[in-house]
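Working notes, structure below.
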Amino acid sequence: MIPKEVLEELRARLLEEKQKILERYRKKEDTQARIGEEVKEPGDLEDLSQMTYTQELLDNLSSREMFMLREIDYALQKMDAGTYGICEYCGEEIPIDRLRAIPWTRYHAHCAEKVEEEGIVPTYPTPTFEATLPEDVEIQREDITEA
């Protein structure tokens, strides 16, 4: 069982990391808007190539950060449900040192390796992380269309 003060420390770290990711997302949106304006009138092929590379980098960063937001929100949900700190692979308690190092982890270090080897993909209960995004953050995905 995780002591209450440690649980609050970990909750604060999760919320802090979530805030950092959301701030980077806002900055990314600003950068993408500037790139969009520059693409309208690129100086030369080298400029266009650099802008394309930057856009691809931002897109990759975004998918990684979206995954992290899901994991952080999932960890916060587990805290609320009283199941935080239990390895989802073996059912044993995760050491506090590991939780301090990676507060959103779902697994022991050795179980995480097994999960990766077995190709287990994390799942999330509903509601997903998007329900907890601040009102001023809007996620737009071009790869999803409405039916």
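By order in the structure tokens, chains are A, B, ...; within a chain, residues start at 1; ligands start at 1, following the order shown.
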
Please identify all polymer residues within 12 Å of segment 93-99 of chain A, counting only C-alpha atoms, omitting same-chain residues fewer than 3 positions from it, and present them as a VMD selection string.
chain A and resid 1 to 3 5 to 7 9 to 11 13 to 14 75 83 to 90 102 to 112

Filtering to N, CA, C and O atoms, could you give me those residues as a compact mmCIF listing (two decimals), in the first residue's frame?
# COMPACT_ATOMS: atom_id res chain seq x y z
N MET A 1 0.84 -1.19 0.00
CA MET A 1 0.00 0.00 0.00
C MET A 1 0.88 1.25 0.00
O MET A 1 1.82 1.34 0.76
N ILE A 2 0.54 2.18 -0.87
CA ILE A 2 1.33 3.41 -0.99
C ILE A 2 0.87 4.39 0.09
O ILE A 2 -0.33 4.67 0.19
N PRO A 3 1.82 4.91 0.88
CA PRO A 3 1.45 5.90 1.89
C PRO A 3 0.79 7.13 1.25
O PRO A 3 1.13 7.52 0.13
N GLU A 5 0.99 10.33 1.75
CA GLU A 5 1.85 11.46 1.36
C GLU A 5 2.62 11.17 0.07
O GLU A 5 2.82 12.06 -0.75
N VAL A 6 3.01 9.92 -0.14
CA VAL A 6 3.69 9.53 -1.38
C VAL A 6 2.70 9.59 -2.54
O VAL A 6 3.03 10.07 -3.63
N LEU A 7 1.49 9.14 -2.31
CA LEU A 7 0.46 9.18 -3.34
C LEU A 7 0.18 10.62 -3.78
O LEU A 7 0.08 10.91 -4.98
N GLU A 9 2.29 13.12 -3.53
CA GLU A 9 3.49 13.56 -4.25
C GLU A 9 3.44 13.10 -5.70
O GLU A 9 3.72 13.87 -6.64
N LEU A 10 3.06 11.84 -5.91
CA LEU A 10 2.98 11.28 -7.26
C LEU A 10 1.86 11.94 -8.06
O LEU A 10 2.02 12.21 -9.25
N ARG A 11 0.73 12.22 -7.41
CA ARG A 11 -0.37 12.91 -8.09
C ARG A 11 0.09 14.30 -8.56
O ARG A 11 -0.17 14.69 -9.70
N ARG A 13 3.13 15.22 -9.28
CA ARG A 13 4.06 15.04 -10.40
C ARG A 13 3.32 14.74 -11.70
O ARG A 13 3.66 15.25 -12.77
N LEU A 14 2.28 13.91 -11.61
CA LEU A 14 1.48 13.58 -12.80
C LEU A 14 0.79 14.83 -13.34
O LEU A 14 0.81 15.09 -14.55
N ALA A 75 -3.38 6.96 -15.13
CA ALA A 75 -2.79 6.81 -13.79
C ALA A 75 -3.60 7.60 -12.76
O ALA A 75 -3.85 7.11 -11.65
N THR A 83 -6.56 1.77 -7.38
CA THR A 83 -5.81 0.67 -8.00
C THR A 83 -4.43 1.10 -8.50
O THR A 83 -3.74 0.32 -9.13
N TYR A 84 -4.05 2.33 -8.19
CA TYR A 84 -2.75 2.85 -8.64
C TYR A 84 -1.62 2.10 -7.94
O TYR A 84 -1.71 1.77 -6.77
N GLY A 85 -0.56 1.82 -8.71
CA GLY A 85 0.61 1.17 -8.13
C GLY A 85 0.57 -0.34 -8.17
O GLY A 85 1.46 -1.00 -7.65
N ILE A 86 -0.44 -0.90 -8.82
CA ILE A 86 -0.55 -2.35 -8.98
C ILE A 86 -0.18 -2.69 -10.42
O ILE A 86 -0.76 -2.14 -11.37
N CYS A 87 0.77 -3.58 -10.59
CA CYS A 87 1.22 -3.98 -11.93
C CYS A 87 0.08 -4.64 -12.67
O CYS A 87 -0.56 -5.57 -12.16
N GLU A 88 -0.20 -4.18 -13.87
CA GLU A 88 -1.29 -4.73 -14.67
C GLU A 88 -0.92 -6.05 -15.33
O GLU A 88 -1.77 -6.71 -15.90
N TYR A 89 0.35 -6.44 -15.22
CA TYR A 89 0.77 -7.71 -15.81
C TYR A 89 0.72 -8.84 -14.78
O TYR A 89 0.16 -9.90 -15.03
N CYS A 90 1.29 -8.59 -13.59
CA CYS A 90 1.38 -9.66 -12.61
C CYS A 90 0.49 -9.46 -11.38
O CYS A 90 0.30 -10.38 -10.60
N ILE A 102 8.81 6.89 -12.82
CA ILE A 102 7.85 6.91 -13.92
C ILE A 102 6.46 6.81 -13.31
O ILE A 102 5.87 5.73 -13.24
N PRO A 103 5.90 7.94 -12.85
CA PRO A 103 4.64 7.87 -12.11
C PRO A 103 3.45 7.36 -12.91
O PRO A 103 2.46 6.94 -12.34
N TRP A 104 3.53 7.35 -14.22
CA TRP A 104 2.42 6.87 -15.05
C TRP A 104 2.59 5.39 -15.44
O TRP A 104 1.76 4.85 -16.17
N THR A 105 3.62 4.73 -14.93
CA THR A 105 3.86 3.35 -15.33
C THR A 105 2.73 2.43 -14.90
O THR A 105 2.09 2.64 -13.87
N ARG A 106 2.52 1.40 -15.68
CA ARG A 106 1.51 0.38 -15.38
C ARG A 106 2.14 -0.90 -14.87
O ARG A 106 1.43 -1.79 -14.42
N TYR A 107 3.48 -1.02 -15.01
CA TYR A 107 4.13 -2.30 -14.80
C TYR A 107 5.43 -2.19 -13.99
O TYR A 107 6.07 -1.14 -13.99
N HIS A 108 5.83 -3.32 -13.39
CA HIS A 108 7.18 -3.47 -12.86
C HIS A 108 8.14 -3.35 -14.05
O HIS A 108 7.73 -3.57 -15.19
N ALA A 109 9.40 -3.11 -13.78
CA ALA A 109 10.39 -3.02 -14.87
C ALA A 109 10.45 -4.32 -15.66
O ALA A 109 10.39 -4.32 -16.89
N HIS A 110 10.54 -5.47 -14.97
CA HIS A 110 10.65 -6.75 -15.69
C HIS A 110 9.34 -7.10 -16.40
O HIS A 110 9.36 -7.71 -17.46
N CYS A 111 8.21 -6.70 -15.84
CA CYS A 111 6.93 -6.96 -16.50
C CYS A 111 6.77 -6.07 -17.73
O CYS A 111 6.19 -6.50 -18.73
N ALA A 112 7.30 -4.85 -17.66
CA ALA A 112 7.24 -3.95 -18.82
C ALA A 112 7.98 -4.56 -20.00
O ALA A 112 7.54 -4.45 -21.15

List the spatial neighbours of Pro125 of chain A as a list in words - criterion: any atom at most 12 Å away, only C-alpha atoms, same-chain residues fewer than 6 positions off excluded.
Arg70, Glu71, Asp73, Tyr74, Ala75, Gln77, Lys78 and Ala131 of chain A

From A:Lys28, A:Arg64, A:Arg100, A:Lys20, residue lying nearest Glu8 of chain A [only C-alpha atoms]
A:Arg100

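Between atom CA of Glu116 of chain A and atom CA of Ala12 of chain A the separation is 27.8 Å.
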
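The gap separating atom CA of Met79 of chain A from atom CA of Pro122 of chain A is 17.3 Å, in Å to one decimal.
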
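Between atom CA of Lys27 of chain A and atom CA of Leu15 of chain A there is a distance of 18.5 Å.
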